[in-house]
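Peer 1: Coordinates in structure.txt, compact mmCIF, C-alpha atoms, are listed below.
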```
# COMPACT_ATOMS: atom_id res chain seq x y z
CA MET F 282 -29.51 145.27 123.85
CA ILE F 283 -33.08 146.52 124.04
CA GLN F 284 -34.00 150.21 124.26
CA GLY F 285 -34.75 151.08 127.87
CA VAL F 286 -34.10 147.57 129.22
CA VAL F 287 -31.15 147.03 131.49
CA VAL F 288 -29.56 143.62 131.12
CA ARG F 289 -27.65 142.91 134.29
CA PRO F 290 -25.13 140.13 134.63
CA SER F 291 -25.04 138.80 138.18
CA GLN F 292 -23.88 141.72 140.27
CA PRO F 293 -22.43 143.99 137.58
CA ARG F 294 -19.76 146.27 138.78
CA VAL F 295 -20.14 148.71 135.90
CA ALA F 296 -23.00 150.17 133.88
CA VAL F 297 -22.19 151.70 130.49
CA ILE F 298 -25.17 153.71 129.29
CA GLY F 299 -25.55 155.24 125.85
CA ILE F 300 -28.04 158.06 125.94
CA GLY F 301 -29.70 159.33 122.82
CA ASN F 302 -31.90 158.79 119.84
CA PRO F 303 -30.32 157.19 116.76
CA TYR F 304 -33.21 158.58 114.67
CA ARG F 305 -31.91 162.11 115.29
CA HIS F 306 -28.55 161.89 113.51
CA ASP F 307 -25.74 162.88 115.92
CA ASP F 308 -27.96 162.39 118.97
CA GLY F 309 -27.26 158.71 118.32
CA ILE F 310 -23.60 158.97 119.38
CA GLY F 311 -24.30 157.42 122.80
CA PRO F 312 -26.08 154.35 121.39
CA ALA F 313 -23.45 153.98 118.64
CA ALA F 314 -20.54 154.07 121.07
CA VAL F 315 -22.01 151.61 123.56
CA ALA F 316 -22.93 149.24 120.72
CA THR F 317 -19.19 148.97 120.07
CA ILE F 318 -18.48 148.38 123.78
CA GLU F 319 -21.22 145.73 123.91
CA THR F 320 -19.46 143.64 121.23
CA LEU F 321 -16.57 143.12 123.68
CA HIS F 322 -18.78 141.15 126.12
CA LEU F 323 -16.95 142.52 129.15
CA PRO F 324 -17.62 140.54 132.34
CA GLY F 325 -19.38 142.44 135.09
CA VAL F 326 -20.45 145.22 132.73
CA SER F 327 -24.06 145.93 131.86
CA VAL F 328 -24.60 147.87 128.64
CA THR F 329 -27.80 149.68 127.74
CA VAL F 330 -29.26 152.39 125.55
CA MET F 331 -31.68 154.92 126.99
CA ASP F 332 -33.42 158.07 125.91
CA GLY F 333 -32.19 160.08 128.90
CA GLU F 334 -35.36 159.98 130.98
CA ALA F 335 -34.32 160.63 134.58
CA THR F 336 -35.95 157.74 136.47
CA SER F 337 -34.85 155.13 133.92
CA LEU F 338 -31.29 156.40 134.18
CA LEU F 339 -31.49 156.25 137.95
CA ASP F 340 -32.57 152.61 137.78
CA ALA F 341 -29.78 151.78 135.32
CA PHE F 342 -26.95 152.93 137.52
CA THR F 343 -28.31 152.15 140.96
CA GLY F 344 -26.18 149.61 142.78
CA VAL F 345 -23.14 149.67 140.50
CA ASP F 346 -19.66 150.77 141.45
CA LEU F 347 -19.10 152.74 138.26
CA ALA F 348 -21.57 154.24 135.81
CA VAL F 349 -20.28 155.58 132.50
CA LEU F 350 -22.77 157.70 130.59
CA VAL F 351 -22.27 158.71 126.96
CA ASP F 352 -24.38 161.48 125.47
CA ALA F 353 -24.50 164.07 122.74
CA VAL F 354 -23.94 167.68 123.80
CA ARG F 355 -24.65 170.98 122.12
CA CYS F 356 -22.19 173.84 122.27
CA GLU F 357 -22.50 177.42 121.12
CA SER F 358 -19.25 177.22 119.16
CA ALA F 359 -19.34 173.50 118.48
CA THR F 360 -16.49 171.39 117.23
CA PRO F 361 -18.41 168.29 116.14
CA GLY F 362 -16.78 165.15 117.46
CA ARG F 363 -14.93 166.83 120.34
CA ILE F 364 -15.16 164.65 123.44
CA HIS F 365 -15.67 166.03 126.94
CA ARG F 366 -15.24 164.04 130.14
CA GLY F 367 -16.40 164.99 133.56
CA PRO F 368 -19.12 165.15 136.16
CA ALA F 369 -20.57 168.40 134.80
CA VAL F 370 -20.37 167.68 131.08
CA GLY F 371 -23.90 168.86 130.32
CA ARG F 372 -23.55 172.12 132.21
CA ALA F 373 -20.01 172.88 131.07
CA THR F 374 -20.72 172.46 127.39
CA GLY F 375 -24.14 173.97 127.04
CA GLY F 376 -26.38 171.02 127.80
CA ASN F 377 -27.21 167.63 126.48
CA THR F 378 -29.70 167.21 123.67
CA HIS F 379 -32.55 166.26 126.04
CA GLY F 380 -34.77 168.73 127.88
CA LEU F 381 -34.57 166.89 131.20
CA GLY F 382 -32.74 163.76 132.06
CA VAL F 383 -29.08 163.20 132.86
CA THR F 384 -28.55 166.09 135.28
CA ASP F 385 -31.93 165.41 136.87
CA ALA F 386 -31.10 161.70 137.30
CA ILE F 387 -27.80 162.56 138.98
CA ARG F 388 -29.44 165.01 141.37
CA LEU F 389 -32.18 162.52 142.17
CA ALA F 390 -29.65 159.72 142.73
CA GLU F 391 -27.68 161.95 145.10
CA ALA F 392 -30.83 162.91 147.02
CA LEU F 393 -31.90 159.27 147.32
CA ASP F 394 -28.37 158.05 148.14
CA ARG F 395 -28.41 155.84 145.01
CA ILE F 396 -25.47 157.42 143.21
CA PRO F 397 -22.74 155.05 142.01
CA ARG F 398 -19.37 155.23 143.79
CA ARG F 399 -18.01 156.71 140.55
CA LEU F 400 -19.98 158.40 137.83
CA VAL F 401 -18.28 159.46 134.60
CA LEU F 402 -19.97 161.34 131.79
CA PHE F 403 -18.68 161.56 128.26
CA GLY F 404 -20.26 164.16 126.03
CA VAL F 405 -19.59 164.42 122.33
CA GLU F 406 -20.21 167.74 120.61
CA VAL F 407 -22.75 167.32 117.84
CA GLN F 408 -23.42 168.91 114.50
CA ASN F 409 -26.88 167.73 113.47
CA THR F 410 -29.74 166.50 115.65
CA ASP F 411 -32.48 166.84 113.04
CA ALA F 412 -34.66 163.82 112.31
CA GLY F 413 -32.86 161.17 110.30
CA LEU F 414 -30.46 158.26 110.48
CA GLY F 415 -26.68 158.29 110.60
CA LEU F 416 -24.01 160.23 112.41
CA SER F 417 -22.24 163.14 110.76
CA GLU F 418 -18.74 162.28 109.55
CA ARG F 419 -16.89 164.12 112.32
CA VAL F 420 -19.07 162.70 115.10
CA ALA F 421 -18.77 159.15 113.73
CA ALA F 422 -15.00 159.61 113.57
CA ALA F 423 -14.96 160.20 117.35
CA ILE F 424 -16.24 156.68 118.17
CA PRO F 425 -12.85 154.88 118.29
CA GLU F 426 -11.34 157.48 120.65
CA LEU F 427 -14.52 157.59 122.72
CA CYS F 428 -14.47 153.81 123.13
CA ARG F 429 -10.79 153.91 124.06
CA LEU F 430 -11.61 156.46 126.79
CA ILE F 431 -14.53 154.38 128.06
CA LEU F 432 -12.35 151.26 128.24
CA ALA F 433 -9.71 153.24 130.12
CA GLU F 434 -12.36 154.16 132.70
CA LEU F 435 -13.26 150.49 133.00
CA GLY F 436 -9.64 149.67 133.68
CA GLY F 437 -9.08 147.85 130.43
```
How does this structure look as structure tokens?

Peer 2:
Amino acid sequence: MIQGVVVRPSQPRVAVIGIGNPYRHDDGIGPAAVATIETLHLPGVSVTVMDGEATSLLDAFTGVDLAVLVDAVRCESATPGRIHRGPAVGRATGGNTHGLGVTDAIRLAEALDRIPRRLVLFGVEVQNTDAGLGLSERVAAAIPELCRLILAELGG
């Protein structure tokens, strides 16, 4: 997996996209989770890591039946490691950790009629997005459950 490069098997039916920056502690939850999914080598599934920039995200999920996005979210009264699922994850929980990006990509995809048939967002509440490597203990502990939920969305 290469940052910002989408590797597409012939006609993938699913895109799993980890959004975030692993050099900002818990903001790396998206890349960490999809790295686990990538090890499964699921047929028809493209896996990528992105920084959340809107047009790159749009390209990554254009033409797929299902796009699953995984991102860090900030909450006013955060419970680090809590997982949220839904189409309005960023708005419902106080926003992702990027200034612009996921919500903008979704709006743009809708306007351009390039939205996947299904789009699922998983947001994980974060504790620390300061510069540095490694997830906080509670956020890292959410990875197995997060991957289980992603696999359930994929039908496996």

Peer 1: If you measure from CA of Arg419 (chain F) to CA of Leu338 (chain F), what distance in Å do you get, rounded to one decimal?

Peer 2: 27.3 Å

Peer 1: What lies within 10 Å of region 351-367 of chain F using all atoms listed in the file, ignoring chain neighbours under 2 positions off, as a ChimeraX atom specification?

Peer 2: /F:297-302,307-315,330-333,348-349,369-379,383,400-410,417-424,426-428,430-431

Peer 1: When you draw a straight line from CA of Phe342 (chain F) to CA of Ala386 (chain F), how long is it in Å?

Peer 2: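 According to the coordinates, CA of Phe342 (chain F) and CA of Ala386 (chain F) are separated by 9.7 Å.
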
Peer 1: Could you work out how far CA of Ser327 (chain F) lies from CA of Leu432 (chain F), giving the answer in Å with one decimal?

Peer 2: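 According to the coordinates, CA of Leu432 (chain F) and CA of Ser327 (chain F) are separated by 13.4 Å.
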
Peer 1: Given all atoms listed in the file as the basis, pick out the residue of F:Ile387, F:Arg294, F:Ala316, F:Tyr304 nearest to Pro425 (chain F).

Peer 2: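 Under the stated criterion, the closest residue is F:Ala316.
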
Peer 1: So, with all atoms listed in the file as the atoms that count, which of F:Thr329, F:Ala433, F:Glu391, F:His306 lies closest to Gly413 (chain F)?

Peer 2: F:His306
